[in-house]
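The data block below is target-v2.cif; it holds mmCIF, C-alpha atoms (C1' of nucleotides).
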data_upload
#
loop_
_atom_site.label_atom_id
_atom_site.label_comp_id
_atom_site.auth_asym_id
_atom_site.auth_seq_id
_atom_site.Cartn_x
_atom_site.Cartn_y
_atom_site.Cartn_z
CA MET A 5 81.74 102.43 99.00
CA PRO A 6 84.95 100.52 99.53
CA LEU A 7 88.31 101.55 98.19
CA THR A 8 91.25 99.18 97.95
CA ILE A 9 94.80 100.48 98.02
CA ALA A 10 97.80 98.36 97.07
CA THR A 11 101.50 99.03 97.61
CA TRP A 12 104.17 97.07 95.76
CA ASN A 13 107.89 97.42 95.19
CA ILE A 14 107.83 96.28 91.56
CA ASN A 15 111.62 96.36 90.95
CA SER A 16 111.34 97.78 87.39
CA VAL A 17 107.86 98.56 86.13
CA ARG A 18 108.95 98.21 82.50
CA LEU A 19 110.36 94.73 82.97
CA ARG A 20 107.32 93.62 84.95
CA ILE A 21 104.44 95.39 83.24
CA ASP A 22 102.82 92.02 82.46
CA THR A 23 103.17 91.04 86.11
CA VAL A 24 101.40 94.27 87.06
CA ALA A 25 98.59 93.37 84.64
CA ARG A 26 98.29 89.89 86.14
CA PHE A 27 98.05 91.27 89.66
CA VAL A 28 95.56 93.96 88.66
CA ALA A 29 93.35 91.37 86.97
CA GLU A 30 93.42 89.26 90.12
CA ALA A 31 93.15 91.84 92.90
CA GLN A 32 91.50 94.81 91.15
CA PRO A 33 92.88 97.49 93.46
CA ASP A 34 91.39 100.96 93.02
CA VAL A 35 94.74 102.56 93.72
CA LEU A 36 98.11 100.96 93.00
CA CYS A 37 101.22 102.50 94.56
CA LEU A 38 104.53 101.34 93.12
CA GLN A 39 108.14 101.76 94.24
CA GLU A 40 111.39 101.11 92.41
CA THR A 41 109.82 101.83 89.06
CA LYS A 42 113.37 102.48 87.77
CA THR A 43 112.40 104.63 84.82
CA ILE A 44 112.16 108.27 83.86
CA ASP A 45 108.60 109.56 83.40
CA GLU A 46 108.97 109.73 79.60
CA THR A 47 109.39 105.96 79.35
CA PHE A 48 106.93 104.99 82.08
CA PRO A 49 104.42 102.49 80.55
CA ALA A 50 101.49 104.84 81.07
CA GLU A 51 99.40 103.59 78.12
CA ALA A 52 99.59 99.98 79.26
CA ILE A 53 98.48 101.00 82.74
CA GLU A 54 95.66 103.15 81.36
CA ALA A 55 94.50 100.09 79.43
CA MET A 56 94.32 98.23 82.75
CA GLY A 57 91.77 100.81 83.90
CA TYR A 58 93.95 103.40 85.64
CA PRO A 59 93.45 106.78 83.94
CA TYR A 60 94.84 108.87 86.84
CA ARG A 61 98.47 108.82 87.85
CA MET A 62 101.32 110.40 89.72
CA ILE A 63 104.67 109.31 88.29
CA HIS A 64 108.02 110.42 89.64
CA GLY A 65 110.98 108.49 88.33
CA MET A 66 114.63 108.68 87.41
CA LYS A 67 117.02 106.70 85.27
CA GLY A 68 117.77 103.26 86.61
CA TYR A 69 117.10 103.77 90.32
CA ASN A 70 114.25 104.36 92.76
CA GLY A 71 111.05 105.94 91.40
CA VAL A 72 107.49 105.99 92.78
CA ALA A 73 104.08 106.00 91.11
CA ILE A 74 100.43 106.17 92.15
CA LEU A 75 98.00 104.72 89.59
CA SER A 76 94.32 105.25 90.27
CA ARG A 77 90.88 104.32 89.00
CA VAL A 78 89.42 107.21 91.03
CA PRO A 79 90.27 110.86 90.48
CA ILE A 80 93.30 112.28 92.24
CA SER A 81 94.34 115.87 92.75
CA ASP A 82 97.06 117.97 94.38
CA ILE A 83 99.87 115.84 92.98
CA THR A 84 103.15 116.72 94.67
CA THR A 85 106.59 115.24 95.07
CA ASN A 86 109.16 115.77 97.78
CA SER A 87 112.89 115.28 97.90
CA TRP A 88 114.84 114.69 101.07
CA CYS A 89 118.46 114.83 102.19
CA ASP A 90 119.21 117.29 99.36
CA ARG A 91 118.84 114.58 96.73
CA GLN A 92 116.52 114.51 93.77
CA ASP A 93 116.11 110.78 94.04
CA CYS A 94 112.38 110.20 93.48
CA ARG A 95 111.35 108.49 96.71
CA HIS A 96 108.18 110.36 97.72
CA GLY A 97 105.00 111.27 95.85
CA THR A 98 101.67 112.45 97.27
CA VAL A 99 98.13 112.78 95.93
CA ARG A 100 94.76 113.73 97.34
CA LEU A 101 91.77 111.45 96.85
CA ALA A 102 88.34 110.87 98.35
CA VAL A 103 87.73 108.04 100.80
CA GLY A 104 84.02 107.77 101.50
CA GLY A 105 83.53 111.44 100.64
CA THR A 106 86.43 112.62 102.81
CA ALA A 107 89.55 114.17 101.29
CA VAL A 108 92.60 112.10 102.21
CA GLU A 109 96.30 112.64 101.50
CA LEU A 110 98.00 109.50 100.18
CA HIS A 111 101.79 109.36 100.55
CA ASN A 112 103.86 106.83 98.63
CA LEU A 113 107.37 106.39 100.03
CA TYR A 114 110.48 104.46 99.10
CA ILE A 115 112.80 104.73 102.09
CA PRO A 116 116.52 104.10 101.41
CA ALA A 117 117.58 100.51 101.98
CA GLY A 118 120.63 101.55 103.97
CA GLY A 119 123.43 99.31 102.70
CA ASP A 120 124.95 96.39 104.58
CA ILE A 121 126.66 97.83 107.66
CA PRO A 122 124.33 99.18 110.37
CA ASP A 123 126.69 101.98 111.40
CA PRO A 124 126.13 105.57 110.19
CA VAL A 125 129.82 106.40 110.62
CA ALA A 126 131.17 103.47 108.64
CA ASN A 127 128.35 103.40 106.11
CA GLU A 128 127.08 106.51 104.36
CA LYS A 129 124.00 104.64 103.06
CA PHE A 130 122.92 103.82 106.59
CA ALA A 131 123.49 107.45 107.62
CA HIS A 132 121.32 108.51 104.68
CA LYS A 133 118.55 106.13 105.74
CA LEU A 134 118.50 107.55 109.28
CA ARG A 135 118.66 111.14 108.06
CA PHE A 136 115.84 110.48 105.60
CA LEU A 137 113.70 109.09 108.43
CA ASP A 138 114.50 112.08 110.65
CA GLU A 139 113.59 114.57 107.92
CA ILE A 140 110.26 113.02 106.98
CA THR A 141 109.37 112.50 110.66
CA ALA A 142 109.85 116.20 111.36
CA TRP A 143 107.82 117.05 108.25
CA PHE A 144 104.90 114.74 109.10
CA ALA A 145 104.92 116.12 112.65
CA GLU A 146 104.15 119.66 111.45
CA ALA A 147 100.66 120.55 112.60
CA LYS A 148 99.47 121.61 109.15
CA ARG A 149 100.33 118.17 107.78
CA ARG A 150 97.89 116.64 110.25
CA GLU A 151 94.86 118.75 109.33
CA ARG A 152 93.44 116.06 107.09
CA PRO A 153 93.45 112.26 107.22
CA MET A 154 96.48 110.59 105.72
CA ILE A 155 97.45 107.22 104.34
CA LEU A 156 101.15 106.40 104.19
CA VAL A 157 102.24 103.44 102.09
CA GLY A 158 105.45 102.15 100.66
CA ASP A 159 108.61 100.15 100.89
CA LEU A 160 109.83 101.49 104.22
CA ASN A 161 112.76 99.04 104.24
CA ILE A 162 112.27 98.37 107.96
CA ALA A 163 110.62 95.36 109.59
CA PRO A 164 109.58 96.78 112.97
CA LEU A 165 108.11 93.87 114.92
CA GLU A 166 109.70 90.68 116.21
CA HIS A 167 107.46 88.61 113.95
CA ASP A 168 108.00 90.85 110.94
CA VAL A 169 111.22 88.87 110.39
CA TRP A 170 111.98 85.16 110.26
CA SER A 171 114.38 85.38 113.22
CA HIS A 172 114.32 88.37 115.52
CA LYS A 173 117.54 87.32 117.26
CA GLN A 174 119.45 86.62 114.09
CA LEU A 175 118.40 89.88 112.46
CA LEU A 176 118.93 92.31 115.34
CA GLY A 177 122.23 93.33 113.74
CA VAL A 178 121.00 93.22 110.15
CA VAL A 179 120.00 96.42 108.36
CA SER A 180 116.17 96.58 108.23
CA HIS A 181 115.63 95.23 111.77
CA THR A 182 118.21 96.99 113.97
CA PRO A 183 116.90 98.74 117.10
CA VAL A 184 118.04 102.15 115.84
CA GLU A 185 115.97 101.79 112.66
CA VAL A 186 112.98 100.33 114.46
CA ASP A 187 113.09 103.25 116.89
CA ARG A 188 113.25 105.76 114.02
CA LEU A 189 110.29 104.07 112.32
CA ALA A 190 108.31 104.23 115.57
CA GLN A 191 109.01 107.97 115.70
CA LEU A 192 107.75 108.37 112.15
CA GLN A 193 104.63 106.39 113.01
CA ALA A 194 104.05 108.50 116.12
CA SER A 195 104.58 111.78 114.24
CA ALA A 196 101.01 111.71 112.92
CA GLY A 197 99.57 108.93 115.05
CA PHE A 198 99.70 106.44 112.17
CA VAL A 199 98.10 103.04 112.76
CA ASP A 200 99.57 99.95 111.08
CA ALA A 201 96.60 98.88 108.92
CA VAL A 202 97.93 95.37 108.28
CA ARG A 203 98.75 94.52 111.90
CA HIS A 204 95.29 95.91 112.71
CA PHE A 205 94.04 92.60 111.29
CA VAL A 206 96.94 90.22 111.99
CA PRO A 207 98.04 89.65 115.60
CA ALA A 208 101.61 90.65 116.42
CA ASP A 209 102.57 87.08 117.33
CA GLN A 210 101.95 85.82 113.79
CA LYS A 211 104.79 85.82 111.29
CA LEU A 212 104.12 88.17 108.40
CA TYR A 213 106.43 88.99 105.48
CA SER A 214 106.24 91.01 102.27
CA TRP A 215 109.78 90.41 100.94
CA TRP A 216 111.95 87.37 100.34
CA SER A 217 115.53 87.68 99.07
CA TYR A 218 116.39 86.61 95.54
CA ARG A 219 119.43 84.86 97.00
CA ALA A 220 117.58 82.08 98.77
CA LYS A 221 117.59 78.76 96.96
CA ASP A 222 113.94 78.10 97.73
CA TRP A 223 112.31 81.24 99.14
CA ASN A 224 109.03 79.48 99.91
CA ALA A 225 110.45 76.46 101.71
CA VAL A 226 113.17 78.33 103.60
CA ASP A 227 110.77 81.25 104.22
CA ARG A 228 113.32 83.71 105.51
CA GLY A 229 111.18 86.76 104.84
CA ARG A 230 110.79 90.24 106.22
CA ARG A 231 107.83 92.66 106.33
CA LEU A 232 109.31 95.76 104.70
CA ASP A 233 106.20 97.07 102.93
CA HIS A 234 103.57 98.88 104.94
CA ILE A 235 100.23 100.67 104.86
CA TRP A 236 99.49 103.10 107.68
CA VAL A 237 96.45 105.29 108.27
CA THR A 238 95.77 108.18 110.63
CA PRO A 239 93.25 107.57 113.43
CA GLU A 240 90.23 109.10 111.62
CA LEU A 241 90.45 106.26 109.09
CA VAL A 242 90.85 103.32 111.45
CA GLY A 243 87.09 102.83 111.69
CA ASP A 244 86.97 102.51 107.88
CA LEU A 245 89.50 99.67 107.71
CA GLY A 246 87.83 96.67 106.11
CA GLY A 247 90.64 94.18 105.64
CA ALA A 248 94.27 93.62 104.69
CA THR A 249 95.98 91.09 102.45
CA ILE A 250 99.62 90.35 101.71
CA HIS A 251 99.70 88.61 98.34
CA ARG A 252 102.39 86.03 99.12
CA PRO A 253 101.73 83.80 96.06
CA VAL A 254 102.87 86.65 93.78
CA ARG A 255 106.44 85.95 94.94
CA GLY A 256 106.19 82.60 93.17
CA TRP A 257 105.12 84.00 89.81
CA GLU A 258 107.50 83.82 86.89
CA ARG A 259 110.24 86.46 87.09
CA ALA A 260 108.76 87.93 90.27
CA SER A 261 109.75 91.03 92.17
CA ASP A 262 111.39 90.21 95.50
CA HIS A 263 108.50 92.14 97.14
CA VAL A 264 104.81 91.19 97.00
CA PRO A 265 101.78 93.52 96.96
CA VAL A 266 100.21 94.58 100.25
CA VAL A 267 96.55 95.57 100.01
CA VAL A 268 94.18 97.31 102.42
CA ARG A 269 90.45 97.80 101.96
CA LEU A 270 88.81 100.94 103.30
CA GLY A 271 85.05 101.24 103.77
CA ALA A 272 82.36 98.60 104.17
"C1'" DA B 1 132.40 83.43 107.47
"C1'" DT B 2 131.04 83.72 102.87
"C1'" DG B 3 128.36 84.18 98.91
"C1'" DG B 4 124.34 83.55 97.16
"C1'" DT B 5 120.36 86.44 92.78
"C1'" DG B 6 118.37 90.08 90.21
"C1'" DG B 7 117.80 95.01 87.51
"C1'" DT B 8 119.90 98.70 84.91
"C1'" DT B 9 122.84 99.21 81.54
"C1'" DA B 10 127.41 98.65 79.52
"C1'" DG B 11 131.24 98.91 84.16
"C1'" DA B 12 129.68 99.43 88.25
"C1'" DC B 13 126.06 100.38 91.31
"C1'" DC B 14 122.12 99.18 93.86
"C1'" DA B 15 118.86 96.09 96.17
#

Show the structure stored in the file as structure tokens.
Amino acid sequence: MPLTIATWNINSVRLRIDTVARFVAEAQPDVLCLQETKTIDETFPAEAIEAMGYPYRMIHGMKGYNGVAILSRVPISDITTNSWCDRQDCRHGTVRLAVGGTAVELHNLYIPAGGDIPDPVANEKFAHKLRFLDEITAWFAEAKRRERPMILVGDLNIAPLEHDVWSHKQLLGVVSHTPVEVDRLAQLQASAGFVDAVRHFVPADQKLYSWWSYRAKDWNAVDRGRRLDHIWVTPELVGDLGGATIHRPVRGWERASDHVPVVVRLGA
DNA sequence: ATGGTGGTTAGACCA
């Protein structure tokens, strides 16, 4: 029986709880993974999300910044969180759930954005982004991590392919699409043989975005987007992939997040 | 080359 998993950088779950409800009513994902929840766990709107039909949850937040959550209609277990680069900054939460009877580890990640200057010497935020990628890549590469199938979702803050950005040439020097980041992301992907579940369905020569800046006058007309939000699966799950959708119209909703939900269906 | 918008939270900081 099919399972749909959504990932969405919500940019404040408290401010946009009604937007979450609207998306849930429309897309009915079984599992909803959020980033940038921007709240401590005590003030996470858990009751509202339960009322939407999500009784199971992993929440891992802090005051004002970052924060990840996994909200599920299906039971989850083995809830864990990880911190990287010696910071308790709430960017990684993991749960176990069943996909077609098989136990799968689901990782929800919010990778650091990296600041404006793509130079780790001049810009500590960019150095942090690269270090974060190196640490999680080494961790995912450990053999014991690869004993069971995995799904990795989140705002990875990197658009890896030429057509994951509106202009490859103009963004080669812009944080999120620089060769050094793209190379690091490829290493992370290779660490456990992850397959890009969205590009599995959309050819690499088609433009595909999940984020549009707030600063554009008319995001839809200008369409200078980037694909920063991803869903990856390990090879055992590739045969179960049933479809992928990037919910672009959500960007046009009232008081939208700058990211839209990305959804993958697993199972017939 | 610059500044453009938004969220958190009360002056910056982050995206």

Next item on the list: Return as a PyMOL selection string the residues belonging to chain A that are within 7 Å of chain B, counting only C-alpha atoms (C1' of nucleotides).
Entry: chain A and resi 68+218-219

Could those residues be written to a file, using C-alpha atoms, as a CSV table (one decimal), keeping the file's coordinate frame?
chain,number,residue,atom,x,y,z
A,68,GLY,CA,117.8,103.3,86.6
A,218,TYR,CA,116.4,86.6,95.5
A,219,ARG,CA,119.4,84.9,97.0

Check: Any idea what the distance is between CA of Ile115 in chain A and CA of Val17 in chain A?
Finding: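 If I compute the distance from CA of Ile115 in chain A to CA of Val17 in chain A, I get 17.8 Å.
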
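If you apply the PyMOL selection byres ((chain A and resi 37) around 9) to this structure, you end up with A:Ile9, A:Ala10, A:Thr11, A:Trp12, A:Asn13, A:Val35, A:Leu36, A:Leu38, A:Gln39, A:Val72, A:Ala73, A:Ile74, A:Leu75, A:Ser76, A:Asn112, A:Val157, A:Gly158.
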
Notebook entry, point to check: To one decimal place, how far is CA of Ser81 in chain A from CA of Val99 in chain A in Å?
Noted result: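 Interatomic distance here is 5.8 Å.
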
Next item on the list: Could you jot down the CA of Ser195 in chain A to CA of Thr141 in chain A separation for me, Å, one decimal place?
Entry: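 Separating CA of Ser195 in chain A from CA of Thr141 in chain A is a distance of 6.0 Å.
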
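Using only C-alpha atoms, the smallest distance between any of A:Phe130, A:Trp223, A:Trp143, A:Tyr114 and Ser180 in chain A comes from A:Phe130.
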
When you look at Ile80 in chain A with a cut-off of 9 Å (counting only C-alpha atoms (C1' of nucleotides)), what residues show up, excluding the ones that are within fewer than 4 positions of it in the same chain? I need them as a PDB file with C-alpha atoms, in the coordinates of the input.
ATOM      1  CA  TYR A  60      94.840 108.870  86.840  1.00  0.00           C
ATOM      2  CA  ARG A  61      98.470 108.820  87.850  1.00  0.00           C
ATOM      3  CA  MET A  62     101.320 110.400  89.720  1.00  0.00           C
ATOM      4  CA  SER A  76      94.320 105.250  90.270  1.00  0.00           C
ATOM      5  CA  VAL A  99      98.130 112.780  95.930  1.00  0.00           C
ATOM      6  CA  ARG A 100      94.760 113.730  97.340  1.00  0.00           C
ATOM      7  CA  LEU A 101      91.770 111.450  96.850  1.00  0.00           C
ATOM      8  CA  ALA A 102      88.340 110.870  98.350  1.00  0.00           C
TER       9      ALA A 102
END

Note to self: Once the PyMOL selection byres ((chain A and resi 27) around 12) is applied to the coordinates I shared, what remains selected? I want it as JSON, numbers by chain.
What the structure shows: {"A": [10, 11, 12, 14, 20, 21, 22, 23, 24, 25, 26, 28, 29, 30, 31, 32, 33, 36, 53, 56, 251, 252, 253, 254, 255, 257, 260, 261, 264, 265, 266, 267]}

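Across the chains present, the PyMOL selection byres ((chain A and resi 94) around 9) applied to this file returns His64, Gly65, Met66, Tyr69, Asn70, Gly71, Val72, Thr85, Asn86, Ser87, Arg91, Gln92, Asp93, Arg95, His96, Gly97 and Tyr114 of chain A.
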
Please produce range 176-199 of chain A, completed to N, CA and C atoms, as a tab-separated table (two decimals), in the coordinates of the input.
chain	number	residue	atom	x	y	z
A	176	LEU	N	118.79	91.07	114.55
A	176	LEU	CA	118.93	92.31	115.34
A	176	LEU	C	120.07	93.19	114.85
A	177	GLY	N	121.10	92.57	114.25
A	177	GLY	CA	122.23	93.33	113.74
A	177	GLY	C	122.22	93.49	112.24
A	178	VAL	N	121.10	93.15	111.61
A	178	VAL	CA	121.00	93.22	110.15
A	178	VAL	C	120.15	94.43	109.75
A	179	VAL	N	120.71	95.22	108.82
A	179	VAL	CA	120.00	96.42	108.36
A	179	VAL	C	118.59	96.04	107.90
A	180	SER	N	117.62	96.75	108.43
A	180	SER	CA	116.17	96.58	108.23
A	180	SER	C	115.48	96.19	109.55
A	181	HIS	N	116.25	95.67	110.51
A	181	HIS	CA	115.63	95.23	111.77
A	181	HIS	C	116.44	95.66	112.99
A	182	THR	N	117.40	96.57	112.82
A	182	THR	CA	118.21	96.99	113.97
A	182	THR	C	117.37	97.90	114.88
A	183	PRO	N	117.66	97.88	116.18
A	183	PRO	CA	116.90	98.74	117.10
A	183	PRO	C	116.90	100.22	116.71
A	184	VAL	N	118.00	100.72	116.19
A	184	VAL	CA	118.04	102.15	115.84
A	184	VAL	C	117.06	102.48	114.71
A	185	GLU	N	116.95	101.57	113.74
A	185	GLU	CA	115.97	101.79	112.66
A	185	GLU	C	114.54	101.63	113.15
A	186	VAL	N	114.33	100.59	113.94
A	186	VAL	CA	112.98	100.33	114.46
A	186	VAL	C	112.50	101.51	115.31
A	187	ASP	N	113.43	102.08	116.07
A	187	ASP	CA	113.09	103.25	116.89
A	187	ASP	C	112.75	104.45	116.00
A	188	ARG	N	113.54	104.66	114.94
A	188	ARG	CA	113.25	105.76	114.02
A	188	ARG	C	111.89	105.56	113.35
A	189	LEU	N	111.58	104.33	112.98
A	189	LEU	CA	110.29	104.07	112.32
A	189	LEU	C	109.13	104.33	113.30
A	190	ALA	N	109.35	103.97	114.56
A	190	ALA	CA	108.31	104.23	115.57
A	190	ALA	C	108.08	105.73	115.73
A	191	GLN	N	109.15	106.51	115.62
A	191	GLN	CA	109.01	107.97	115.70
A	191	GLN	C	108.24	108.51	114.51
A	192	LEU	N	108.53	107.96	113.33
A	192	LEU	CA	107.75	108.37	112.15
A	192	LEU	C	106.28	108.03	112.33
A	193	GLN	N	106.02	106.83	112.81
A	193	GLN	CA	104.63	106.39	113.01
A	193	GLN	C	103.92	107.30	114.02
A	194	ALA	N	104.64	107.67	115.08
A	194	ALA	CA	104.05	108.50	116.12
A	194	ALA	C	103.85	109.94	115.65
A	195	SER	N	104.61	110.37	114.64
A	195	SER	CA	104.58	111.78	114.24
A	195	SER	C	103.18	112.24	113.86
A	196	ALA	N	102.38	111.35	113.28
A	196	ALA	CA	101.01	111.71	112.92
A	196	ALA	C	100.02	110.70	113.48
A	197	GLY	N	100.46	109.91	114.43
A	197	GLY	CA	99.57	108.93	115.05
A	197	GLY	C	99.15	107.81	114.11
A	198	PHE	N	100.04	107.47	113.16
A	198	PHE	CA	99.70	106.44	112.17
A	198	PHE	C	99.44	105.09	112.83
A	199	VAL	N	98.44	104.40	112.31
A	199	VAL	CA	98.10	103.04	112.76
A	199	VAL	C	98.49	102.07	111.65
